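Asker: Following this line is coords_0.cif, made up of mmCIF, C-alpha atoms:
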data_final
#
loop_
_atom_site.label_atom_id
_atom_site.label_comp_id
_atom_site.auth_asym_id
_atom_site.auth_seq_id
_atom_site.Cartn_x
_atom_site.Cartn_y
_atom_site.Cartn_z
CA MET A 1 13.67 20.31 11.74
CA ALA A 2 15.94 18.15 9.58
CA ARG A 3 18.60 18.00 12.27
CA SER A 4 16.17 16.82 14.95
CA LEU A 5 14.63 14.28 12.57
CA GLU A 6 18.10 13.00 11.77
CA ASP A 7 18.86 12.73 15.50
CA ALA A 8 15.62 10.84 16.13
CA THR A 9 16.38 8.46 13.26
CA ILE A 10 19.88 7.79 14.61
CA ARG A 11 18.50 7.20 18.11
CA MET A 12 15.98 4.75 16.69
CA TYR A 13 18.64 2.76 14.79
CA GLU A 14 20.93 2.72 17.83
CA ASP A 15 18.22 1.51 20.25
CA ILE A 16 18.96 -2.20 20.46
CA SER A 17 15.80 -2.87 22.49
CA LEU A 18 13.76 -2.27 19.31
CA THR A 19 15.26 -5.29 17.55
CA GLU A 20 16.97 -7.48 20.18
CA GLU A 21 14.70 -10.48 19.54
CA LEU A 22 15.27 -10.40 15.77
CA THR A 23 18.04 -11.42 13.40
CA ASP A 24 19.47 -8.91 10.90
CA GLU A 25 16.96 -9.11 8.03
CA PRO A 26 13.77 -8.95 10.14
CA ALA A 27 15.37 -6.15 12.18
CA LYS A 28 16.04 -4.17 8.98
CA VAL A 29 12.39 -4.57 7.92
CA LEU A 30 11.20 -3.29 11.31
CA LEU A 31 13.64 -0.37 11.33
CA LYS A 32 12.67 0.69 7.79
CA TRP A 33 9.00 0.57 8.77
CA GLY A 34 9.77 2.61 11.90
CA GLU A 35 11.75 5.13 9.88
CA ALA A 36 8.79 5.62 7.51
CA LYS A 37 6.47 6.15 10.48
CA LEU A 38 8.96 8.59 12.02
CA MET A 39 8.93 10.63 8.80
CA THR A 40 5.12 10.69 8.92
CA LEU A 41 5.23 11.88 12.54
CA ALA A 42 7.67 14.62 11.60
CA GLU A 43 5.41 15.79 8.76
CA LYS A 44 2.40 15.96 11.09
CA THR A 45 4.26 17.82 13.85
CA THR A 46 4.61 21.58 13.58
CA ASP A 47 7.60 21.74 15.95
CA ILE A 48 9.82 18.69 15.77
CA ASP A 49 11.77 19.92 18.80
CA SER A 50 8.63 19.89 20.94
CA GLU A 51 7.70 17.53 23.74
CA ASP A 52 4.71 16.48 21.64
CA PHE A 53 7.01 15.04 18.95
CA GLU A 54 9.16 13.36 21.60
CA ASP A 55 6.07 11.75 23.15
CA HIS A 56 5.01 10.41 19.75
CA PHE A 57 8.54 9.16 19.14
CA LYS A 58 8.44 7.28 22.46
CA SER A 59 5.10 5.75 21.48
CA LEU A 60 6.54 4.68 18.12
CA ARG A 61 9.46 3.00 19.90
CA ARG A 62 6.99 1.17 22.19
CA VAL A 63 5.11 -0.06 19.11
CA MET A 64 8.36 -1.25 17.56
CA LYS A 65 9.36 -3.03 20.80
CA SER A 66 6.01 -4.81 20.82
CA ILE A 67 6.47 -5.93 17.22
CA ASN A 68 10.02 -7.04 18.06
CA LYS A 69 8.81 -9.23 20.92
CA LEU A 70 5.80 -10.66 19.12
CA ALA A 71 7.81 -11.55 16.03
CA GLY A 72 10.99 -12.70 17.74
CA GLN A 73 9.78 -14.73 20.68
CA THR A 74 8.68 -18.29 20.01
CA GLY A 75 6.43 -20.57 21.98
CA LEU A 76 3.97 -17.89 23.09
CA ASP A 77 0.50 -19.24 23.85
CA ASP A 78 -2.54 -17.74 22.10
CA ASP A 79 -3.74 -15.82 25.17
CA THR A 80 -0.36 -14.13 25.59
CA VAL A 81 -0.26 -13.24 21.90
CA ARG A 82 -3.79 -11.77 22.04
CA THR A 83 -2.92 -9.71 25.12
CA ARG A 84 0.24 -8.37 23.49
CA LEU A 85 -1.61 -7.65 20.24
CA THR A 86 -4.23 -5.67 22.15
CA LYS A 87 -1.48 -3.55 23.75
CA LEU A 88 0.23 -3.14 20.39
CA ILE A 89 -2.99 -1.92 18.80
CA GLU A 90 -3.66 0.52 21.64
CA ARG A 91 -0.17 1.96 21.26
CA ALA A 92 -0.54 2.17 17.49
CA GLN A 93 -3.88 3.94 17.83
CA SER A 94 -2.26 6.53 20.13
CA LEU A 95 0.00 7.37 17.17
CA GLY A 96 -2.97 7.71 14.85
CA LEU A 97 -2.32 4.44 13.04
CA PRO A 98 -5.50 2.76 11.76
CA ALA A 99 -5.07 -0.39 13.83
CA SER A 100 -8.21 -2.15 15.01
CA GLU A 101 -8.83 -4.95 17.48
CA ASP A 102 -11.04 -6.52 14.81
CA ARG A 103 -7.85 -7.54 13.03
CA ILE A 104 -6.48 -9.58 15.94
CA GLU A 105 -8.26 -12.75 14.81
CA VAL A 106 -7.00 -12.26 11.27
CA TYR A 107 -3.45 -12.14 12.64
CA MET A 108 -4.06 -15.17 14.87
CA GLN A 109 -5.10 -17.23 11.85
CA GLN A 110 -2.30 -16.01 9.60
CA ARG A 111 0.50 -16.35 12.15
CA GLN A 112 0.14 -20.15 12.10
CA SER A 113 1.25 -20.21 8.46
CA VAL A 114 4.22 -17.88 8.96
CA SER A 115 7.42 -19.41 10.25
CA ASP A 116 10.25 -16.90 9.81
CA ASP A 117 10.66 -13.68 11.81
CA GLN A 118 10.84 -11.44 8.74
CA ALA A 119 7.40 -12.61 7.57
CA LYS A 120 6.07 -12.13 11.12
CA VAL A 121 7.36 -8.54 11.20
CA LYS A 122 5.73 -7.83 7.85
CA LEU A 123 2.48 -9.40 9.03
CA LEU A 124 2.48 -7.32 12.22
CA THR A 125 3.31 -4.04 10.47
CA THR A 126 0.60 -4.75 7.89
CA LEU A 127 -1.83 -5.20 10.77
CA LEU A 128 -1.16 -1.56 11.71
CA GLU A 129 -1.67 -0.17 8.20
CA PRO A 130 -4.96 0.80 6.57
CA GLU A 131 -6.95 -2.07 5.18
CA GLU A 132 -7.20 -2.08 1.40
CA ALA A 133 -10.87 -1.12 1.62
CA ASP A 134 -9.85 1.98 3.62
CA GLU A 135 -7.66 3.28 0.84
CA PRO A 136 -9.22 5.59 -1.74
CA ASP A 137 -10.01 4.17 -5.16
CA PRO A 138 -7.47 5.00 -7.83
CA PRO A 139 -8.51 7.81 -10.17
CA ASP A 140 -10.22 6.90 -13.44
CA PRO A 141 -7.85 6.71 -16.38
CA PRO A 142 -7.81 9.77 -18.64
CA VAL A 143 -10.18 9.74 -21.59
CA VAL A 144 -8.37 9.02 -24.83
CA ALA A 145 -9.74 10.38 -28.11
CA GLU A 146 -10.93 7.00 -29.38
CA ASP A 147 -12.69 6.31 -26.05
CA ARG A 148 -14.95 9.38 -26.26
CA ASN A 149 -17.81 7.56 -27.98
CA PRO A 150 -19.44 4.88 -25.85
CA PRO A 151 -19.61 1.42 -27.42
CA GLY A 152 -22.34 1.16 -30.02
CA THR A 153 -22.50 4.90 -30.75
CA GLU A 154 -19.54 5.20 -33.11
CA PRO A 155 -20.22 5.44 -36.82
CA GLU A 156 -19.56 2.22 -38.66
CA ARG A 157 -16.04 2.11 -40.02
CA PRO A 158 -15.40 1.24 -43.66
CA ASN A 159 -15.34 -2.46 -44.42
CA PHE A 160 -13.04 -3.34 -47.30
CA LEU A 161 -14.02 -6.45 -49.22
CA TYR A 162 -11.86 -8.51 -51.53
CA ASP A 163 -14.13 -7.83 -54.54
CA GLY A 164 -13.15 -4.17 -54.60
CA THR A 165 -16.30 -2.98 -52.83
CA VAL A 166 -16.06 -0.59 -49.94
CA ARG A 167 -19.03 -0.48 -47.60
CA SER A 168 -19.36 2.45 -45.25
CA TRP A 169 -22.16 4.39 -43.62
CA GLY A 170 -24.85 2.43 -45.45
CA HIS A 171 -23.47 2.94 -49.00
CA GLU A 172 -21.53 0.63 -51.27
CA HIS A 173 -18.71 2.05 -53.33
CA HIS A 174 -17.42 -0.03 -56.25
CA LEU A 175 -13.83 0.58 -57.11
CA ASP A 176 -13.04 -0.09 -60.75
CA SER A 177 -9.45 0.26 -61.76
CA ASP A 178 -10.49 2.29 -64.82
CA ASP A 179 -12.68 4.81 -62.99
CA GLU A 180 -11.28 7.76 -61.09
CA ASP A 181 -14.33 8.09 -58.81
CA PRO A 182 -16.00 5.16 -57.15
CA LYS A 183 -19.55 4.34 -58.15
CA VAL A 184 -22.04 4.86 -55.35
CA GLU A 185 -25.16 2.68 -55.15
#
Hey, can you dump this file as structure tokens for me?
Answerer:
Amino acid sequence: MARSLEDATIRMYEDISLTEELTDEPAKVLLKWGEAKLMTLAEKTTDIDSEDFEDHFKSLRRVMKSINKLAGQTGLDDDTVRTRLTKLIERAQSLGLPASEDRIEVYMQQRQSVSDDQAKVKLLTTLLEPEEADEPDPPDPPVVAEDRNPPGTEPERPNFLYDGTVRSWGHEHHLDSDDEDPKVE
């Protein structure tokens, strides 16, 4: 399995059509994203040497080519961008990525504020990831000993006063320097 995954990774990095519209930094971002998705595909596939894995790998490369063209080409009109985004989302869905056509308009609004290719690549790859609401909530923090009593249910802690009186649990204790035991009232 590791050998075939390594071969697929090398093939991905050597395929210039995946990044031909991008400069070095945006291309690195896209390739790293693709490598992470390739690892996920490998984990989900029982036989990495199968045609099934190869088909998914081809689909991943198509997704990457679409991102490459959308991020790297300038001067595309809105209709062309929407059409390409729809194809990108369809390809991503075939890989099991949680892309949704509902997110096209979000991209269309955000792309106007993004000028460099690297930010465009990140925006496009984010479009294909789960929305934050889709992710599970983080687990509750562990209960620490002092957190076991809800607020308002803890016994009152001693309150030391400057006059030598200690108040705790409804009693006053007077501390006299001469007495060994405090006087309780």
Asker: Using Å and a single decimal, report how far CA of Val29 (chain A) sits from CA of Asp52 (chain A).
Answerer: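 Going from CA of Asp52 (chain A) over to CA of Val29 (chain A), I get 26.3 Å.
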Asker: Which of these residues is nearest to Asp7 (chain A), using all atoms listed in the file: A:Lys122, A:Thr45, A:Glu54, A:Thr86?
Answerer: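 Of the candidates, the smallest distance to Asp7 (chain A) is held by A:Glu54.
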Asker: Name the residues within 9 Å of (15.3, 8.7, 15.0), counting all atoms listed in the file in the file's coordinates, and put them as a list in words.
Answerer: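 It turns out the residues near that spot are Ser4, Leu5, Glu6, Asp7, Ala8, Thr9, Ile10, Arg11, Met12, Tyr13, Glu14, Gly34, Glu35, Leu38 and Phe57 of chain A.
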Asker: For the residues in that selection, give me C-alpha atoms as a compact mmCIF listing (two decimals), in the coordinates of the input.
Answerer:
# COMPACT_ATOMS: atom_id res chain seq x y z
CA SER A 4 16.17 16.82 14.95
CA LEU A 5 14.63 14.28 12.57
CA GLU A 6 18.10 13.00 11.77
CA ASP A 7 18.86 12.73 15.50
CA ALA A 8 15.62 10.84 16.13
CA THR A 9 16.38 8.46 13.26
CA ILE A 10 19.88 7.79 14.61
CA ARG A 11 18.50 7.20 18.11
CA MET A 12 15.98 4.75 16.69
CA TYR A 13 18.64 2.76 14.79
CA GLU A 14 20.93 2.72 17.83
CA GLY A 34 9.77 2.61 11.90
CA GLU A 35 11.75 5.13 9.88
CA LEU A 38 8.96 8.59 12.02
CA PHE A 57 8.54 9.16 19.14
Asker: What separation in Å, quoted to one decimal, exists between CA of Gly72 (chain A) and CA of Asp117 (chain A)?
Answerer: 6.0 Å
Asker: Using all atoms listed in the file, which residue out of A:Ser94, A:Ser113, A:Ala27, A:Ile89 lies closest to Lys58 (chain A)?
Answerer: A:Ser94
Asker: Can you give me, as a PyMOL selection string, the residues this file yields under the PyMOL selection byres ((chain A and resi 118) around 10)?
Answerer: chain A and resi 22-30+71-72+114-117+119-124
Asker: Can you work out the spacing between CA of Tyr107 (chain A) and CA of Glu21 (chain A) in Å, to one decimal?
Answerer: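 These two atoms are separated by 19.5 Å.
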Asker: Please determine, counting only C-alpha atoms, which residue among A:Gln73, A:Ile67, A:Asp55, A:Arg61 has the shortest atom-to-atom distance to Thr126 (chain A).
Answerer: A:Ile67
Asker: Taking the file as shown, find all residues satisfying the PyMOL selection byres ((chain A and resi 100) around 12) and write them as a PyMOL selection string.
Answerer: chain A and resi 85-94+96-99+101-107+126-131
Asker: Nearest to Ser17 (chain A) among A:Thr46, A:Ser59, A:Thr74, A:Asn68, with distances taken over all atoms listed in the file: which residue is it?
Answerer: A:Asn68
Asker: I need the residue nearest Lys32 (chain A) from this list: A:Thr80, A:Thr125, A:Leu70, A:His56. Use only C-alpha atoms for the distance.
Answerer: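 Of A:Thr80, A:Thr125, A:Leu70, A:His56, the one nearest Lys32 (chain A) is A:Thr125, counting only C-alpha atoms.
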Asker: Could you rebuild region 15-28 of chain A with N, CA, C and O atoms and give it back as an mmCIF file, in the coordinates of the input?
Answerer:
data_model
loop_
_atom_site.group_PDB
_atom_site.id
_atom_site.type_symbol
_atom_site.label_atom_id
_atom_site.label_comp_id
_atom_site.auth_asym_id
_atom_site.auth_seq_id
_atom_site.Cartn_x
_atom_site.Cartn_y
_atom_site.Cartn_z
ATOM 1 N N ASP A 15 18.956 2.103 19.126
ATOM 2 C CA ASP A 15 18.220 1.510 20.250
ATOM 3 C C ASP A 15 18.069 0.012 20.034
ATOM 4 O O ASP A 15 17.182 -0.445 19.331
ATOM 5 N N ILE A 16 18.940 -0.751 20.650
ATOM 6 C CA ILE A 16 18.960 -2.200 20.460
ATOM 7 C C ILE A 16 17.698 -2.881 20.987
ATOM 8 O O ILE A 16 17.302 -3.945 20.509
ATOM 9 N N SER A 17 17.014 -2.255 21.931
ATOM 10 C CA SER A 17 15.800 -2.870 22.490
ATOM 11 C C SER A 17 14.669 -2.957 21.460
ATOM 12 O O SER A 17 13.723 -3.714 21.642
ATOM 13 N N LEU A 18 14.789 -2.222 20.360
ATOM 14 C CA LEU A 18 13.760 -2.270 19.310
ATOM 15 C C LEU A 18 13.862 -3.522 18.455
ATOM 16 O O LEU A 18 12.889 -3.918 17.811
ATOM 17 N N THR A 19 15.043 -4.153 18.457
ATOM 18 C CA THR A 19 15.260 -5.290 17.550
ATOM 19 C C THR A 19 15.987 -6.470 18.207
ATOM 20 O O THR A 19 16.390 -7.387 17.508
ATOM 21 N N GLU A 20 16.134 -6.469 19.517
ATOM 22 C CA GLU A 20 16.970 -7.480 20.180
ATOM 23 C C GLU A 20 16.492 -8.916 20.004
ATOM 24 O O GLU A 20 17.290 -9.851 20.113
ATOM 25 N N GLU A 21 15.226 -9.132 19.716
ATOM 26 C CA GLU A 21 14.700 -10.480 19.540
ATOM 27 C C GLU A 21 14.813 -10.965 18.095
ATOM 28 O O GLU A 21 14.478 -12.111 17.800
ATOM 29 N N LEU A 22 15.277 -10.107 17.199
ATOM 30 C CA LEU A 22 15.270 -10.400 15.770
ATOM 31 C C LEU A 22 16.677 -10.571 15.210
ATOM 32 O O LEU A 22 17.622 -9.993 15.729
ATOM 33 N N THR A 23 16.778 -11.329 14.130
ATOM 34 C CA THR A 23 18.040 -11.420 13.400
ATOM 35 C C THR A 23 18.126 -10.206 12.458
ATOM 36 O O THR A 23 17.208 -9.377 12.400
ATOM 37 N N ASP A 24 19.199 -10.115 11.695
ATOM 38 C CA ASP A 24 19.470 -8.910 10.900
ATOM 39 C C ASP A 24 18.359 -8.533 9.915
ATOM 40 O O ASP A 24 17.914 -7.389 9.898
ATOM 41 N N GLU A 25 17.939 -9.454 9.073
ATOM 42 C CA GLU A 25 16.960 -9.110 8.030
ATOM 43 C C GLU A 25 15.614 -8.670 8.608
ATOM 44 O O GLU A 25 15.081 -7.645 8.194
ATOM 45 N N PRO A 26 15.022 -9.425 9.547
ATOM 46 C CA PRO A 26 13.770 -8.950 10.140
ATOM 47 C C PRO A 26 13.946 -7.605 10.859
ATOM 48 O O PRO A 26 13.053 -6.755 10.829
ATOM 49 N N ALA A 27 15.103 -7.410 11.487
ATOM 50 C CA ALA A 27 15.370 -6.150 12.180
ATOM 51 C C ALA A 27 15.406 -4.987 11.180
ATOM 52 O O ALA A 27 14.867 -3.910 11.453
ATOM 53 N N LYS A 28 15.995 -5.208 10.012
ATOM 54 C CA LYS A 28 16.040 -4.170 8.980
ATOM 55 C C LYS A 28 14.629 -3.806 8.515
ATOM 56 O O LYS A 28 14.318 -2.635 8.305
#
